[in-house]
file work-v2.txt (compact mmCIF, C-alpha atoms and all ligand atoms)
# COMPACT_ATOMS: atom_id res chain seq x y z
CA MET O 49 14.33 -0.67 8.68
CA GLN O 50 14.04 0.76 12.15
CA PHE O 51 15.54 4.15 12.81
CA GLN O 52 16.42 5.68 16.15
CA LYS O 53 15.69 9.02 14.66
CA ALA O 54 13.33 9.85 11.84
CA GLU O 55 12.28 13.45 11.77
CA LEU O 56 11.07 16.21 9.55
CA VAL O 57 13.96 18.68 9.35
CA ILE O 58 12.18 21.32 7.33
CA SER O 59 9.42 21.94 4.83
CA ALA O 60 11.44 24.10 2.48
CA ALA O 61 9.73 26.74 0.37
CA SER O 62 12.92 27.63 -1.50
CA LYS O 63 16.48 26.47 -1.91
CA VAL O 64 17.88 28.76 0.78
CA GLN O 65 15.99 26.58 3.26
CA TRP O 66 17.39 23.25 2.10
CA PRO O 67 19.24 21.55 4.96
CA GLN O 68 22.98 22.08 4.82
CA THR O 69 24.03 18.46 4.97
CA GLU O 70 25.72 16.08 2.62
CA LEU O 71 23.57 13.10 3.47
CA PRO O 72 22.56 11.15 0.38
CA GLU O 73 18.96 11.84 -0.61
CA ILE O 74 16.13 9.92 -2.20
CA VAL O 75 13.30 11.88 -3.77
CA LEU O 76 9.79 10.50 -3.23
CA ALA O 77 7.09 11.60 -5.61
CA GLY O 78 3.60 10.62 -6.66
CA ARG O 79 0.21 12.10 -7.34
CA SER O 80 -1.78 13.35 -4.39
CA ASN O 81 -3.62 10.71 -2.38
CA VAL O 82 -1.60 7.91 -3.96
CA GLY O 83 -0.47 6.70 -0.54
CA LYS O 84 2.91 8.43 -0.33
CA SER O 85 2.66 9.39 3.35
CA SER O 86 1.58 5.87 4.27
CA LEU O 87 4.51 4.47 2.32
CA ILE O 88 7.01 6.79 4.03
CA ASN O 89 5.60 5.79 7.39
CA ALA O 90 5.75 2.09 6.52
CA LEU O 91 9.35 2.41 5.31
CA THR O 92 10.48 4.22 8.45
CA GLY O 93 8.40 2.19 10.90
CA ARG O 94 6.59 5.32 12.09
CA LYS O 95 2.91 6.00 12.38
CA LYS O 96 2.61 9.69 11.72
CA LEU O 97 5.94 10.96 10.47
CA ALA O 98 4.96 11.88 6.98
CA TYR O 99 1.64 13.52 7.71
CA VAL O 100 3.44 16.46 9.34
CA GLY O 101 4.09 18.29 6.13
CA ASN O 102 1.07 16.98 4.36
CA THR O 103 -1.49 19.66 5.12
CA PRO O 104 -3.31 21.82 2.61
CA GLY O 105 -1.41 24.98 1.75
CA LYS O 106 1.92 23.19 2.09
CA THR O 107 1.71 21.82 -1.38
CA ARG O 108 4.66 23.71 -2.76
CA LEU O 109 7.16 22.68 -0.12
CA LEU O 110 9.84 20.02 -0.21
CA ASN O 111 9.81 18.04 3.03
CA PHE O 112 13.23 16.85 4.16
CA PHE O 113 13.21 13.85 6.51
CA ASN O 114 16.40 12.94 8.32
CA LEU O 115 16.83 9.22 8.96
CA ASP O 116 19.39 8.57 11.68
CA ASP O 117 21.76 11.18 10.22
CA GLN O 118 22.44 8.64 7.48
CA TYR O 119 19.99 9.40 4.74
CA MET O 120 17.47 11.98 3.77
CA PHE O 121 14.06 11.43 2.20
CA VAL O 122 12.88 14.39 0.15
CA ASP O 123 9.12 14.29 -0.08
CA VAL O 124 7.78 16.11 -3.11
CA PRO O 125 4.26 17.50 -2.74
CA GLY O 126 1.63 15.29 -4.34
CA TYR O 127 0.91 16.45 -7.87
CA GLY O 128 -2.00 16.15 -10.22
CA TYR O 129 -4.46 18.41 -8.48
CA ALA O 130 -7.55 18.98 -10.58
CA ASN O 131 -7.67 22.67 -9.77
CA ILE O 132 -4.03 23.64 -9.74
CA SER O 133 -3.44 27.07 -11.28
CA LYS O 134 -0.96 27.73 -14.04
CA GLN O 135 1.02 29.85 -11.62
CA GLN O 136 1.28 26.95 -9.15
CA LEU O 137 2.28 24.58 -11.91
CA ILE O 138 5.10 26.86 -12.99
CA ARG O 139 6.25 27.25 -9.41
CA PHE O 140 6.25 23.45 -8.96
CA GLY O 141 8.36 23.02 -12.10
CA GLU O 142 10.83 25.65 -10.94
CA MET O 143 11.15 24.03 -7.54
CA MET O 144 11.92 20.64 -9.07
CA GLU O 145 14.39 22.14 -11.53
CA ASP O 146 16.20 23.96 -8.74
CA TYR O 147 16.44 20.75 -6.80
CA PHE O 148 17.64 18.51 -9.61
CA ASN O 149 20.01 21.10 -11.05
CA GLU O 150 21.63 22.10 -7.80
CA ARG O 151 21.35 19.41 -5.16
CA MET O 152 24.56 17.43 -5.34
CA GLN O 153 23.59 14.62 -2.96
CA LYS O 154 20.52 13.47 -4.90
CA ARG O 155 20.74 9.74 -5.54
CA GLY O 156 17.51 8.72 -7.17
CA LEU O 157 13.75 8.74 -7.36
CA LEU O 158 11.19 6.54 -5.69
CA LEU O 159 8.03 7.07 -7.73
CA ILE O 160 4.85 5.95 -6.07
CA VAL O 161 1.93 4.89 -8.24
CA ASP O 162 -1.42 3.32 -7.42
CA ALA O 163 -1.40 -0.40 -8.25
CA ARG O 164 -5.06 -0.15 -9.27
CA HIS O 165 -4.64 2.49 -11.94
CA LYS O 166 -2.74 3.28 -15.07
CA PRO O 167 -0.05 5.88 -14.28
CA THR O 168 -0.93 9.43 -15.27
CA GLU O 169 0.74 11.86 -17.64
CA ASP O 170 2.11 13.58 -14.55
CA ASP O 171 3.81 10.36 -13.44
CA LEU O 172 5.40 10.01 -16.84
CA THR O 173 6.55 13.63 -16.80
CA MET O 174 8.14 13.12 -13.39
CA ILE O 175 9.96 9.94 -14.37
CA ASP O 176 11.21 11.45 -17.65
CA PHE O 177 12.38 14.52 -15.80
CA VAL O 178 14.51 12.40 -13.47
CA ARG O 179 15.83 10.24 -16.30
CA TYR O 180 17.03 13.43 -17.95
CA TYR O 181 19.32 13.92 -14.96
CA ASP O 182 20.57 10.35 -15.32
CA LEU O 183 19.33 9.32 -11.93
CA PRO O 184 18.13 5.83 -11.07
CA VAL O 185 14.42 5.23 -10.63
CA VAL O 186 12.46 2.73 -8.56
CA VAL O 187 8.67 2.49 -8.80
CA ALA O 188 6.47 1.30 -5.94
CA ALA O 189 2.95 0.18 -6.92
CA THR O 190 1.12 0.81 -3.68
CA LYS O 191 -2.32 -0.25 -2.42
CA TYR O 192 -1.52 -3.63 -3.93
CA ASP O 193 -3.72 -5.23 -1.28
CA LYS O 194 -6.67 -3.56 -3.00
CA VAL O 195 -6.05 -5.27 -6.33
CA LYS O 196 -7.75 -8.60 -6.96
CA PRO O 197 -5.14 -11.36 -7.20
CA SER O 198 -6.38 -12.21 -10.69
CA GLN O 199 -5.73 -8.62 -11.83
CA ARG O 200 -2.29 -8.14 -10.33
CA GLN O 201 0.00 -9.31 -13.11
CA HIS O 202 -2.04 -7.39 -15.66
CA ASN O 203 -1.88 -4.17 -13.65
CA LEU O 204 1.88 -4.44 -13.17
CA LYS O 205 2.27 -4.94 -16.90
CA VAL O 206 0.20 -1.82 -17.65
CA ILE O 207 2.26 0.25 -15.21
CA LYS O 208 5.49 -1.02 -16.68
CA GLU O 209 4.40 -0.29 -20.22
CA THR O 210 2.89 3.11 -19.48
CA LEU O 211 6.03 4.32 -17.75
CA CYS O 212 8.24 2.62 -20.36
CA LEU O 213 10.26 1.10 -17.52
CA ARG O 214 13.73 -0.02 -18.44
CA ASP O 215 15.17 -3.33 -17.27
CA GLU O 216 17.13 -1.65 -14.48
CA GLU O 217 14.11 0.34 -13.25
CA LYS O 218 12.45 -1.89 -10.69
CA LEU O 219 8.70 -2.06 -10.19
CA ILE O 220 7.85 -3.24 -6.69
CA PRO O 221 4.36 -4.21 -5.50
CA PHE O 222 3.75 -2.44 -2.19
CA SER O 223 1.15 -2.19 0.53
CA ALA O 224 1.29 0.07 3.55
CA GLU O 225 -1.56 -2.01 4.89
CA THR O 226 0.14 -5.42 4.82
CA LYS O 227 3.73 -4.08 4.63
CA LEU O 228 4.26 -6.03 1.42
CA GLY O 229 7.35 -4.74 -0.40
CA VAL O 230 8.91 -2.82 2.49
CA ASP O 231 12.09 -4.90 2.45
CA GLU O 232 12.30 -4.97 -1.31
CA VAL O 233 11.92 -1.20 -1.58
CA TRP O 234 14.59 -0.71 1.06
CA ASP O 235 16.97 -3.02 -0.81
CA ALA O 236 16.46 -0.94 -3.94
CA LEU O 237 16.88 2.36 -2.08
CA LEU O 238 20.05 1.20 -0.33
CA GLU O 239 21.47 0.28 -3.70
CA MET O 240 20.91 3.87 -4.83
CA LEU O 241 22.17 5.36 -1.59
CA HIS O 242 25.47 3.45 -1.42
P1 LIG J 301 -0.78 10.73 0.16
O1 LIG J 301 -1.72 11.85 -0.08
O2 LIG J 301 -0.17 10.26 -1.11
O3 LIG J 301 0.24 11.00 1.22
O4 LIG J 301 -1.69 9.49 0.63
P2 LIG J 301 -1.95 8.85 2.07
O5 LIG J 301 -0.78 8.09 2.55
O6 LIG J 301 -2.50 9.91 2.97
O7 LIG J 301 -3.08 7.77 1.70
C1 LIG J 301 -4.30 8.13 1.07
C2 LIG J 301 -5.37 7.12 1.49
O8 LIG J 301 -5.04 5.82 1.00
C3 LIG J 301 -5.50 6.95 2.99
O9 LIG J 301 -6.85 6.76 3.30
C4 LIG J 301 -4.69 5.69 3.30
O10 LIG J 301 -5.14 5.02 4.46
C5 LIG J 301 -4.93 4.86 2.07
N1 LIG J 301 -3.78 3.97 1.77
C6 LIG J 301 -2.50 4.35 1.61
N2 LIG J 301 -1.72 3.28 1.33
C7 LIG J 301 -2.52 2.20 1.32
C8 LIG J 301 -2.31 0.79 1.09
O11 LIG J 301 -1.20 0.31 0.80
N3 LIG J 301 -3.41 -0.02 1.15
C9 LIG J 301 -4.65 0.46 1.44
N4 LIG J 301 -5.66 -0.42 1.46
N5 LIG J 301 -4.90 1.77 1.65
C10 LIG J 301 -3.85 2.64 1.60

call {"tool": "encode", "arguments": {"input": "work-v2.txt", "output": "structure tokens", "more": "lines below"}}
Ligand code: GDP
result
Amino acid sequence: MQFQKAELVISAASKVQWPQTELPEIVLAGRSNVGKSSLINALTGRKKLAYVGNTPGKTRLLNFFNLDDQYMFVDVPGYGYANISKQQLIRFGEMMEDYFNERMQKRGLLLIVDARHKPTEDDLTMIDFVRYYDLPVVVAATKYDKVKPSQRQHNLKVIKETLCLRDEEKLIPFSAETKLGVDEVWDALLEMLH
């Protein structure tokens, strides 16, 4: 989809900074370096939108992106850092709990995983967390262009099984490089948003 306006509204450190809108929101999460920024840029047709809030030291902020005053993407900092402290982990958990407990306009999760690898414990924790709130989930398996064609079906199966995906939880092969899956992900997001 092409948007007239796609902009970072705020990188919010706490709930008092959340934008005061009622636009429906999709949460985007994945481990760090999975390709989340590239996916956000591919979905919004921008080159650099999502790198704005993606600098070191901003790892505990929720980035709110306004898309044409119609929807909001809420970019969760990449998780799974090797050296994250216990303190940071607790803070991350609190931030997510605040959001899911209190944000009325949340509509669902887009979980981004690497098509080459088995999802991590952190991915499973995130998806279970969102299921607890009864929200729909869509999974994008990105960097699909990097998987050998002969491996693709196998990798999708492993992802599906590891995350215990339910029939209604779509798994969509994606590539920011070739733009594979952009339309399919949008179809799934629009279903959650409307
Ligand atoms: P983030 O940390 O999750 O936001 O990850 P980035 O979007 O910054 O991507 C991490 C690295 O993976 C970068 O070098 C990207 O160019 C590369 N990358 C991201 N998506 C794809 C993809 O679909 N295909 C390929 N081949 N590389 C990708």

call {"tool": "atom_distance", "arguments": {"input": "work-v2.txt", "atom1": "atom CA of Asp231 of chain O", "atom2": "atom CA of Val57 of chain O"}}
result
24.6 Å

call {"tool": "residues_around", "arguments": {"input": "work-v2.txt", "residues": "Asp182 of chain O", "least_positions_apart": "3", "cutoff": "12 Å", "atoms": "only C-alpha atoms", "output": "list in words"}}
result
Phe148, Asn149, Lys154, Arg155, Gly156, Leu157, Ile175, Asp176, Phe177, Val178, Arg179 and Val185 of chain O

call {"tool": "residues_around", "arguments": {"input": "work-v2.txt", "residues": "segment 59-76 of chain O", "least_positions_apart": "4", "cutoff": "6 Å", "atoms": "all atoms listed in the file", "output": "ChimeraX atom specification"}}
result
/O:109-111,119-124,153-159

call {"tool": "closest_residue", "arguments": {"input": "work-v2.txt", "among": "O:Arg151, O:Lys95, O:Lys227, O:His202", "to": "ligand LIG 301 (chain J)", "atoms": "all atoms listed in the file"}}
result
O:Lys227

call {"tool": "atom_distance", "arguments": {"input": "work-v2.txt", "atom1": "atom CA of Met143 of chain O", "atom2": "atom CA of Ser80 of chain O"}}
result
17.1 Å

call {"tool": "closest_atom_pairs", "arguments": {"input": "work-v2.txt", "of": "chain O", "to": "ligand LIG 301 (chain J)", "cutoff": "6 Å", "atoms": "only C-alpha atoms and all ligand atoms", "output": "Markdown table"}}
result
| residue | atom | partner | partner_atom | distance |
| --- | --- | --- | --- | --- |
| O:Ser80 | CA | J:LIG301 | O1 | 4.6 |
| O:Asn81 | CA | J:LIG301 | O1 | 3.2 |
| O:Val82 | CA | J:LIG301 | O2 | 4.0 |
| O:Gly83 | CA | J:LIG301 | O4 | 3.3 |
| O:Lys84 | CA | J:LIG301 | O2 | 3.7 |
| O:Ser85 | CA | J:LIG301 | O3 | 3.6 |
| O:Ser86 | CA | J:LIG301 | O5 | 3.7 |
| O:Thr190 | CA | J:LIG301 | O11 | 5.1 |
| O:Lys191 | CA | J:LIG301 | O11 | 3.5 |
| O:Asp193 | CA | J:LIG301 | N3 | 5.8 |
| O:Lys194 | CA | J:LIG301 | N4 | 5.5 |
| O:Ser223 | CA | J:LIG301 | O11 | 3.4 |
| O:Ala224 | CA | J:LIG301 | O11 | 3.7 |
| O:Glu225 | CA | J:LIG301 | N3 | 4.6 |

call {"tool": "residues_around", "arguments": {"input": "work-v2.txt", "residues": "Lys205 of chain O", "least_positions_apart": "3", "cutoff": "12 Å", "atoms": "only C-alpha atoms", "output": "CSV table (one decimal) with C-alpha atoms, in the frame of the given file"}}
result
chain,number,residue,atom,x,y,z
O,163,ALA,CA,-1.4,-0.4,-8.2
O,164,ARG,CA,-5.1,-0.2,-9.3
O,165,HIS,CA,-4.6,2.5,-11.9
O,166,LYS,CA,-2.7,3.3,-15.1
O,167,PRO,CA,0.0,5.9,-14.3
O,189,ALA,CA,3.0,0.2,-6.9
O,199,GLN,CA,-5.7,-8.6,-11.8
O,200,ARG,CA,-2.3,-8.1,-10.3
O,201,GLN,CA,0.0,-9.3,-13.1
O,202,HIS,CA,-2.0,-7.4,-15.7
O,208,LYS,CA,5.5,-1.0,-16.7
O,209,GLU,CA,4.4,-0.3,-20.2
O,210,THR,CA,2.9,3.1,-19.5
O,211,LEU,CA,6.0,4.3,-17.8
O,212,CYS,CA,8.2,2.6,-20.4
O,213,LEU,CA,10.3,1.1,-17.5
O,219,LEU,CA,8.7,-2.1,-10.2
O,220,ILE,CA,7.8,-3.2,-6.7
O,221,PRO,CA,4.4,-4.2,-5.5

call {"tool": "residues_around", "arguments": {"input": "work-v2.txt", "residues": "Leu115 of chain O", "least_positions_apart": "2", "cutoff": "9 Å", "atoms": "only C-alpha atoms", "output": "list of chain:residue names"}}
result
O:Phe51, O:Gln52, O:Lys53, O:Ala54, O:Glu55, O:Thr92, O:Phe113, O:Asp117, O:Gln118, O:Tyr119, O:Met120, O:Phe121

call {"tool": "closest_residue", "arguments": {"input": "work-v2.txt", "among": "O:Ile58, O:Glu145, O:Lys218, O:Lys196", "to": "Tyr181 of chain O", "atoms": "all atoms listed in the file"}}
result
O:Glu145

call {"tool": "closest_residue", "arguments": {"input": "work-v2.txt", "among": "O:Pro125, O:Gly229, O:Gly78, O:Met152", "to": "Leu172 of chain O", "atoms": "only C-alpha atoms"}}
result
O:Gly78

call {"tool": "atom_distance", "arguments": {"input": "work-v2.txt", "atom1": "atom CA of Asn203 of chain O", "atom2": "atom CA of Tyr180 of chain O"}}
result
26.2 Å

call {"tool": "decode", "arguments": {"input": "work-v2.txt", "residues": "segment 184-203 of chain O", "atoms": "C-alpha atoms", "output": "short mmCIF file (atom, residue, chain, number, x, y, z; two decimals), in the first residue's frame"}}
result
data_model
loop_
_atom_site.label_atom_id
_atom_site.label_comp_id
_atom_site.auth_asym_id
_atom_site.auth_seq_id
_atom_site.Cartn_x
_atom_site.Cartn_y
_atom_site.Cartn_z
CA PRO O 184 -5.26 -12.30 16.36
CA VAL O 185 -1.76 -13.15 15.22
CA VAL O 186 -0.11 -13.15 11.80
CA VAL O 187 3.44 -14.41 11.32
CA ALA O 188 5.74 -13.16 8.55
CA ALA O 189 8.72 -15.40 7.75
CA THR O 190 11.13 -12.85 6.36
CA LYS O 191 14.40 -13.17 4.43
CA TYR O 192 12.64 -15.91 2.47
CA ASP O 193 14.81 -15.04 -0.51
CA LYS O 194 17.76 -16.38 1.48
CA VAL O 195 16.26 -19.84 1.87
CA LYS O 196 17.06 -22.44 -0.78
CA PRO O 197 13.90 -23.34 -2.68
CA SER O 198 14.36 -26.99 -1.68
CA GLN O 199 14.35 -26.00 2.01
CA ARG O 200 11.39 -23.66 2.00
CA GLN O 201 8.50 -25.98 2.74
CA HIS O 202 10.49 -27.67 5.48
CA ASN O 203 11.36 -24.36 7.15
#
